[in-house]
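Data file: protein-v3.txt. Format and content: compact mmCIF, C-alpha atoms.
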# COMPACT_ATOMS: atom_id res chain seq x y z
CA MET O 1 -65.87 40.50 -37.84
CA ALA O 2 -68.87 42.76 -37.13
CA ASP O 3 -71.18 39.80 -36.57
CA ALA O 4 -68.82 38.01 -34.18
CA PRO O 5 -69.31 38.03 -30.41
CA PHE O 6 -66.79 40.09 -28.52
CA LEU O 7 -65.64 37.94 -25.67
CA GLY O 8 -64.94 38.81 -22.08
CA MET O 9 -63.07 36.54 -19.67
CA PRO O 10 -65.03 33.29 -19.23
CA ILE O 11 -63.71 32.59 -15.73
CA ASP O 12 -63.59 34.61 -12.51
CA CYS O 13 -59.84 34.65 -11.93
CA VAL O 14 -56.83 36.85 -12.65
CA LEU O 15 -54.43 35.50 -15.26
CA GLY O 16 -50.91 35.26 -13.92
CA GLU O 17 -52.13 35.47 -10.32
CA SER O 18 -54.87 32.90 -9.68
CA CYS O 19 -55.04 31.09 -13.05
CA VAL O 20 -53.09 30.60 -16.27
CA ILE O 21 -53.81 29.76 -19.90
CA GLU O 22 -52.47 26.23 -20.15
CA ASP O 23 -53.27 25.48 -23.82
CA TYR O 24 -54.55 27.32 -26.89
CA PRO O 25 -56.36 25.85 -29.94
CA ASP O 26 -54.13 23.87 -32.29
CA ILE O 27 -53.95 25.67 -35.65
CA ASP O 28 -51.79 22.98 -37.32
CA GLN O 29 -53.98 20.89 -39.63
CA SER O 30 -51.35 18.14 -39.88
CA ASP O 31 -50.16 15.72 -37.19
CA GLY O 32 -48.08 18.52 -35.68
CA GLN O 33 -49.16 21.14 -33.19
CA ASN O 34 -48.90 24.93 -33.06
CA ASP O 35 -50.70 27.62 -31.13
CA TYR O 36 -51.69 30.86 -32.90
CA ARG O 37 -48.20 32.31 -32.38
CA CYS O 38 -46.60 29.11 -33.72
CA GLY O 39 -45.60 28.21 -30.18
CA LEU O 40 -45.82 25.05 -28.09
CA LYS O 41 -48.78 25.89 -25.85
CA THR O 42 -51.25 23.47 -27.38
CA ARG O 43 -51.79 19.77 -28.13
CA ASP O 44 -52.46 18.02 -31.41
CA GLY O 45 -56.11 18.53 -32.32
CA HIS O 46 -56.87 20.69 -29.28
CA SER O 47 -60.04 22.66 -30.03
CA GLY O 48 -60.21 25.29 -27.32
CA THR O 49 -58.52 27.50 -24.77
CA ASP O 50 -57.74 25.95 -21.36
CA PHE O 51 -57.88 28.27 -18.34
CA ALA O 52 -56.21 26.33 -15.52
CA LEU O 53 -56.56 26.96 -11.79
CA LEU O 54 -53.40 26.88 -9.72
CA SER O 55 -54.67 24.37 -7.14
CA PHE O 56 -57.32 21.83 -6.31
CA ASP O 57 -58.16 23.91 -3.24
CA GLN O 58 -59.43 26.66 -5.54
CA MET O 59 -61.74 24.19 -7.25
CA ASN O 60 -63.06 22.98 -3.90
CA GLU O 61 -63.68 26.56 -2.74
CA GLY O 62 -65.43 27.43 -6.02
CA VAL O 63 -64.31 29.53 -8.99
CA SER O 64 -67.10 30.80 -11.26
CA VAL O 65 -67.36 30.09 -14.98
CA ILE O 66 -69.08 33.08 -16.57
CA ALA O 67 -70.71 33.85 -19.90
CA ALA O 68 -68.16 35.42 -22.23
CA ALA O 69 -70.88 37.13 -24.32
CA ASP O 70 -74.64 37.67 -24.39
CA GLY O 71 -76.65 34.75 -25.75
CA ARG O 72 -79.12 31.96 -25.14
CA VAL O 73 -78.31 28.63 -23.49
CA GLU O 74 -78.81 25.74 -25.90
CA ALA O 75 -77.72 22.74 -23.82
CA ILE O 76 -76.24 21.75 -20.48
CA ARG O 77 -74.83 18.68 -18.73
CA ASN O 78 -74.57 18.56 -14.93
CA THR O 79 -74.29 14.89 -13.90
CA LEU O 80 -70.66 13.76 -14.24
CA PRO O 81 -68.21 13.37 -11.31
CA ASP O 82 -65.05 15.41 -10.82
CA GLN O 83 -62.29 12.83 -11.04
CA PRO O 84 -59.01 12.30 -12.91
CA TYR O 85 -59.47 10.79 -16.34
CA ILE O 86 -57.99 7.30 -16.68
CA PRO O 87 -56.39 6.87 -20.13
CA GLY O 88 -58.30 4.39 -22.25
CA THR O 89 -61.62 5.00 -20.49
CA ASN O 90 -64.58 5.26 -22.88
CA LEU O 91 -66.41 8.47 -22.03
CA ASN O 92 -69.17 7.79 -24.57
CA GLY O 93 -68.91 11.20 -26.20
CA GLN O 94 -68.88 13.06 -22.88
CA GLU O 95 -65.24 14.17 -22.97
CA CYS O 96 -66.37 17.75 -22.34
CA GLY O 97 -67.76 16.68 -18.96
CA ASN O 98 -70.35 18.89 -17.32
CA ALA O 99 -70.91 21.73 -19.74
CA VAL O 100 -72.92 24.70 -20.99
CA ARG O 101 -73.39 25.62 -24.66
CA VAL O 102 -74.46 29.20 -25.48
CA ASN O 103 -75.72 30.48 -28.86
CA HIS O 104 -74.69 34.07 -29.66
CA GLY O 105 -76.37 34.43 -33.04
CA ASN O 106 -74.82 34.68 -36.51
CA GLY O 107 -73.77 31.04 -36.17
CA TYR O 108 -71.45 31.66 -33.19
CA GLN O 109 -71.51 29.47 -30.10
CA THR O 110 -69.34 29.05 -27.01
CA VAL O 111 -68.98 25.78 -25.11
CA TYR O 112 -67.76 25.69 -21.49
CA CYS O 113 -66.37 22.27 -20.49
CA HIS O 114 -65.26 20.37 -17.34
CA LEU O 115 -67.59 22.19 -14.93
CA LYS O 116 -67.95 21.00 -11.34
CA LEU O 117 -70.64 18.42 -10.67
CA GLY O 118 -73.89 20.09 -9.58
CA SER O 119 -72.62 23.62 -10.19
CA VAL O 120 -74.46 24.51 -13.43
CA ARG O 121 -76.82 27.42 -12.75
CA VAL O 122 -78.56 27.90 -16.11
CA SER O 123 -81.13 25.98 -18.16
CA PRO O 124 -81.68 25.38 -21.89
CA GLY O 125 -83.57 28.29 -23.45
CA GLN O 126 -82.45 30.77 -20.79
CA ARG O 127 -81.00 34.11 -21.90
CA VAL O 128 -77.64 35.02 -20.37
CA VAL O 129 -75.61 38.23 -20.39
CA THR O 130 -71.88 38.79 -20.41
CA GLY O 131 -70.42 38.08 -16.98
CA GLN O 132 -73.34 35.96 -15.75
CA ARG O 133 -72.36 32.89 -13.73
CA LEU O 134 -72.90 29.62 -15.59
CA GLY O 135 -71.35 27.24 -13.06
CA ASP O 136 -68.00 26.50 -11.38
CA VAL O 137 -64.66 25.21 -12.62
CA GLY O 138 -64.27 21.45 -12.11
CA MET O 139 -62.51 18.48 -13.64
CA SER O 140 -65.33 16.36 -15.05
CA GLY O 141 -64.97 14.48 -18.33
CA LYS O 142 -61.56 14.09 -19.97
CA SER O 143 -59.57 16.10 -17.45
CA ASN O 144 -56.99 15.49 -14.76
CA TYR O 145 -56.66 18.98 -13.30
CA PRO O 146 -59.14 21.80 -12.51
CA HIS O 147 -59.65 23.93 -15.59
CA LEU O 148 -62.16 25.48 -17.96
CA HIS O 149 -61.96 24.45 -21.61
CA LEU O 150 -63.62 27.12 -23.79
CA THR O 151 -64.41 26.30 -27.42
CA VAL O 152 -65.74 28.88 -29.90
CA THR O 153 -67.48 27.71 -33.05
CA GLN O 154 -69.21 29.24 -36.04
CA GLY O 155 -71.42 26.67 -37.68
CA SER O 156 -69.33 23.51 -37.92
CA ASP O 157 -66.02 25.40 -37.78
CA VAL O 158 -63.90 25.71 -34.64
CA ILE O 159 -62.71 29.32 -34.29
CA ASP O 160 -59.57 30.40 -32.47
CA PRO O 161 -60.69 33.55 -30.61
CA PHE O 162 -57.10 34.81 -30.52
CA ALA O 163 -56.70 34.70 -34.31
CA PRO O 164 -60.08 34.06 -35.94
CA ASP O 165 -58.89 34.87 -39.46
CA GLN O 166 -55.44 33.25 -39.12
CA THR O 167 -54.05 35.60 -41.80
CA ASN O 168 -51.05 36.89 -39.87
CA ALA O 169 -49.25 33.63 -39.12
CA CYS O 170 -46.96 33.61 -36.08
CA ALA O 171 -47.14 37.39 -35.55
CA ALA O 172 -49.49 39.17 -33.18
CA PRO O 173 -52.94 38.94 -34.83
CA ARG O 174 -54.56 42.07 -36.23
CA ASP O 175 -58.03 41.03 -35.00
CA THR O 176 -59.28 38.87 -32.15
CA LEU O 177 -62.69 38.05 -30.68
CA TRP O 178 -61.65 39.34 -27.25
CA ILE O 179 -62.64 42.67 -25.76
CA ASN O 180 -59.22 42.65 -24.08
CA ALA O 181 -57.12 39.82 -25.48
CA PRO O 182 -55.13 37.99 -22.77
CA ALA O 183 -51.40 38.51 -23.12
CA TYR O 184 -49.38 35.74 -24.76
CA THR O 185 -46.17 34.18 -23.53
CA ASP O 186 -44.33 31.36 -25.26
CA ALA O 187 -43.01 29.82 -22.01
CA GLY O 188 -44.67 26.91 -20.28
CA LEU O 189 -44.45 23.44 -18.81
CA PHE O 190 -44.54 20.31 -20.93
CA THR O 191 -45.16 18.12 -17.92
CA ALA O 192 -44.49 17.36 -14.28
CA GLY O 193 -43.76 13.94 -12.83
CA VAL O 194 -42.53 11.96 -9.85
CA SER O 195 -39.59 9.57 -9.91
CA ASP O 196 -37.53 7.55 -7.42
CA ARG O 197 -34.31 9.36 -8.37
CA VAL O 198 -33.16 12.43 -10.28
CA PRO O 199 -33.71 11.42 -13.93
CA ASP O 200 -31.85 12.55 -17.01
CA LEU O 201 -33.40 14.75 -19.72
CA GLU O 202 -34.08 11.90 -22.13
CA GLU O 203 -36.02 9.98 -19.45
CA VAL O 204 -38.08 13.09 -18.76
CA GLN O 205 -38.76 13.68 -22.46
CA THR O 206 -39.83 10.09 -23.16
CA GLY O 207 -41.79 9.65 -19.94
CA ALA O 208 -39.55 6.80 -18.76
CA ALA O 209 -38.81 8.71 -15.54
CA ARG O 210 -42.42 8.85 -14.38
CA ARG O 211 -43.62 6.59 -11.56
CA ALA O 212 -47.27 6.05 -10.66
CA THR O 213 -46.42 4.14 -7.47
CA LEU O 214 -43.43 4.09 -5.12
CA ASN O 215 -42.32 1.92 -2.22
CA LYS O 216 -42.16 3.36 1.29
CA THR O 217 -38.35 3.28 1.20
CA ASP O 218 -37.91 4.93 -2.24
CA ALA O 219 -36.65 8.45 -2.68
CA LEU O 220 -39.41 10.91 -3.61
CA VAL O 221 -38.33 13.20 -6.48
CA LEU O 222 -40.52 15.78 -8.24
CA TYR O 223 -39.50 17.19 -11.62
CA GLY O 224 -40.84 19.80 -14.04
CA TYR O 225 -40.07 19.96 -17.77
CA VAL O 226 -40.03 23.56 -19.05
CA PHE O 227 -39.95 25.17 -22.49
CA HIS O 228 -38.70 28.68 -23.38
CA GLY O 229 -37.49 29.62 -19.93
CA ASP O 230 -35.83 33.02 -19.46
CA GLY O 231 -32.93 33.86 -17.20
CA GLY O 232 -34.34 34.82 -13.81
CA ASP O 233 -37.45 32.61 -14.13
CA ARG O 234 -38.30 30.59 -11.02
CA ILE O 235 -39.50 27.00 -10.89
CA ASN O 236 -41.29 26.10 -7.67
CA LEU O 237 -41.50 22.39 -6.82
CA GLU O 238 -43.88 21.47 -4.00
CA MET O 239 -44.89 18.04 -2.70
CA GLN O 240 -47.75 17.23 -0.36
CA GLY O 241 -48.60 13.90 1.23
CA PRO O 242 -51.14 12.40 3.62
CA ASP O 243 -49.61 14.34 6.53
CA GLY O 244 -49.27 17.68 4.72
CA ASP O 245 -46.20 19.36 3.23
CA VAL O 246 -43.30 17.06 2.33
CA PHE O 247 -41.00 19.64 0.71
CA GLN O 248 -40.87 22.93 -1.16
CA HIS O 249 -37.98 24.07 -3.34
CA THR O 250 -37.38 26.95 -5.75
CA ALA O 251 -34.89 26.75 -8.62
CA ARG O 252 -33.87 29.88 -10.54
CA LEU O 253 -32.72 29.88 -14.17
CA GLU O 254 -29.36 31.54 -14.73
CA ALA O 255 -29.85 31.98 -18.49
CA ASP O 256 -32.41 31.57 -21.28
CA GLN O 257 -33.02 27.94 -22.23
CA ALA O 258 -35.27 26.52 -24.94
CA GLN O 259 -35.90 23.29 -23.01
CA LEU O 260 -34.88 22.22 -19.53
CA PHE O 261 -36.01 20.36 -16.45
CA ARG O 262 -35.49 20.85 -12.77
CA ALA O 263 -35.90 18.24 -10.03
CA PHE O 264 -35.89 18.13 -6.26
CA GLY O 265 -36.61 15.41 -3.74
CA ARG O 266 -36.00 13.73 -0.44
CA ARG O 267 -34.72 10.36 0.65
CA ALA O 268 -37.22 8.25 2.56
CA PRO O 269 -37.21 8.76 6.33
CA SER O 270 -35.88 5.89 8.44
CA ALA O 271 -39.38 4.58 9.09
CA GLY O 272 -40.36 4.96 5.43
CA TRP O 273 -42.88 7.33 3.87
CA PRO O 274 -46.46 7.19 5.19
CA GLU O 275 -48.61 5.19 2.79
CA GLY O 276 -51.14 7.07 0.71
CA ASN O 277 -51.61 9.63 -2.04
CA TYR O 278 -49.00 12.31 -2.77
CA ARG O 279 -49.42 15.29 -5.09
CA GLY O 280 -46.64 17.36 -6.65
CA THR O 281 -47.12 20.87 -8.05
CA VAL O 282 -44.64 22.58 -10.38
CA THR O 283 -45.08 26.30 -11.04
CA LEU O 284 -43.18 28.48 -13.53
CA ILE O 285 -42.93 32.14 -12.47
CA ARG O 286 -41.47 35.18 -14.23
CA GLY O 287 -41.19 38.22 -12.01
CA ASP O 288 -44.55 38.48 -10.27
CA THR O 289 -46.43 36.59 -13.00
CA ILE O 290 -47.29 32.89 -12.89
CA LEU O 291 -46.81 31.49 -16.40
CA ALA O 292 -47.68 27.83 -15.99
CA VAL O 293 -48.57 25.15 -13.47
CA ARG O 294 -48.65 21.35 -13.66
CA HIS O 295 -49.78 18.74 -11.12
CA THR O 296 -48.78 15.12 -10.78
CA ASP O 297 -49.86 12.31 -8.42
CA VAL O 298 -48.14 9.25 -7.03
CA ILE O 299 -49.21 6.53 -4.60
CA ILE O 300 -46.80 5.24 -1.95
CA GLU O 301 -47.64 1.74 -0.83
How does this structure look as structure tokens?
Amino acid sequence: MADAPFLGMPIDCVLGESCVIEDYPDIDQSDGQNDYRCGLKTRDGHSGTDFALLSFDQMNEGVSVIAAADGRVEAIRNTLPDQPYIPGTNLNGQECGNAVRVNHGNGYQTVYCHLKLGSVRVSPGQRVVTGQRLGDVGMSGKSNYPHLHLTVTQGSDVIDPFAPDQTNACAAPRDTLWINAPAYTDAGLFTAGVSDRVPDLEEVQTGAARRATLNKTDALVLYGYVFHGDGGDRINLEMQGPDGDVFQHTARLEADQAQLFRAFGRRAPSAGWPEGNYRGTVTLIRGDTILAVRHTDVIIE
């Protein structure tokens, strides 16, 4: 481990207050998925750590992506738009979006993905130091919410900075690449979605409940699908439309639950909903700490 970079936070935010870790690297080599604590906070084949902002407003205002360790910039990309990824779109190898790749020596590199268009502030060949601004968080490439995807590699191998040796399966790792390793929690959100009625759990799990468009006279229902909730956790459900806030509701868990969903909505007003784009935000909170956030969009026409 002596030749490994010791990583600082790669983003200028406070975990649990202004950002969250949405996904970790997937350590399962099969078709399954497991994060380094054998939990659910990853996706099959996911190669990095996702630091998610809580809102699109934060992205618009600007949140800095910063060098996690000293090194030299090897490559950048700074030309792709910030827009939701449409499934099936061919990104021609540019899934990482606008990006910076930094070489730290001894074969180690860090790659910072999904940066905001035009925000990259470094050039190939430039030396950078820990904490130096590289660009801003965006949602370019294969992304549908504002976040930084950080990948650590050594040679051709992807390294999980939380458990680089992976010799202490499921328990707290003995060694990490972090100067101060971010705290782990097993709770999170599988997904958020919008429906025209309160769905049942199976419809939420399969995705059958989700609507991409609604009629002006449909009910507008936002739901969040949670894993490993604790008694006392709060689930905030907020909906915004073309004219501003539509509703805000907080549900509180009475007991621990491995999987659950909560939903809240409104019937259409007598004149129907205003046409346009609506965005729902579901936030999972434990005490004063934000554990997870998911966004979902629907068009009313």
For each of O:Asp233, O:Val198, O:Met139, O:Gly105, take the minimum atom-to-atom distance to O:Asp288, counting all atoms listed in the file, then give the residue where this is smallest. O:Asp233
For a test of reading the model, state the distance in Å between atom CA of O:Leu148 and atom CA of O:Phe51, rounded to one decimal. 5.1 Å
Can you tell me which residues surround O:Ile21 at a distance of at most 10 Å, considering all atoms listed in the file, apart from same-chain residues fewer than 2 positions away, and format the answer as a JSON list (two decimals) with C-alpha atoms, in the frame of the given file?
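Result saved to out-v9.json:
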[["chain", "number", "residue", "atom", "x", "y", "z"],
["O", 15, "LEU", "CA", -54.43, 35.50, -15.26],
["O", 16, "GLY", "CA", -50.91, 35.26, -13.92],
["O", 19, "CYS", "CA", -55.04, 31.09, -13.05],
["O", 23, "ASP", "CA", -53.27, 25.48, -23.82],
["O", 24, "TYR", "CA", -54.55, 27.32, -26.89],
["O", 41, "LYS", "CA", -48.78, 25.89, -25.85],
["O", 49, "THR", "CA", -58.52, 27.50, -24.77],
["O", 50, "ASP", "CA", -57.74, 25.95, -21.36],
["O", 51, "PHE", "CA", -57.88, 28.27, -18.34],
["O", 52, "ALA", "CA", -56.21, 26.33, -15.52],
["O", 53, "LEU", "CA", -56.56, 26.96, -11.79],
["O", 147, "HIS", "CA", -59.65, 23.93, -15.59],
["O", 148, "LEU", "CA", -62.16, 25.48, -17.96],
["O", 149, "HIS", "CA", -61.96, 24.45, -21.61],
["O", 182, "PRO", "CA", -55.13, 37.99, -22.77],
["O", 183, "ALA", "CA", -51.40, 38.51, -23.12],
["O", 184, "TYR", "CA", -49.38, 35.74, -24.76],
["O", 185, "THR", "CA", -46.17, 34.18, -23.53],
["O", 188, "GLY", "CA", -44.67, 26.91, -20.28],
["O", 291, "LEU", "CA", -46.81, 31.49, -16.40],
["O", 292, "ALA", "CA", -47.68, 27.83, -15.99],
["O", 293, "VAL", "CA", -48.57, 25.15, -13.47]]
Long-range neighbours of O:Asp196 as a ChimeraX atom specification, 12 Å cut-off, all atoms listed in the file, 3 positions minimum in chain: /O:193,199,208-223,263-268,298,300
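Taking atom CA of O:Thr191 and atom CA of O:Arg286 as endpoints, the distance between them is 17.8 Å.
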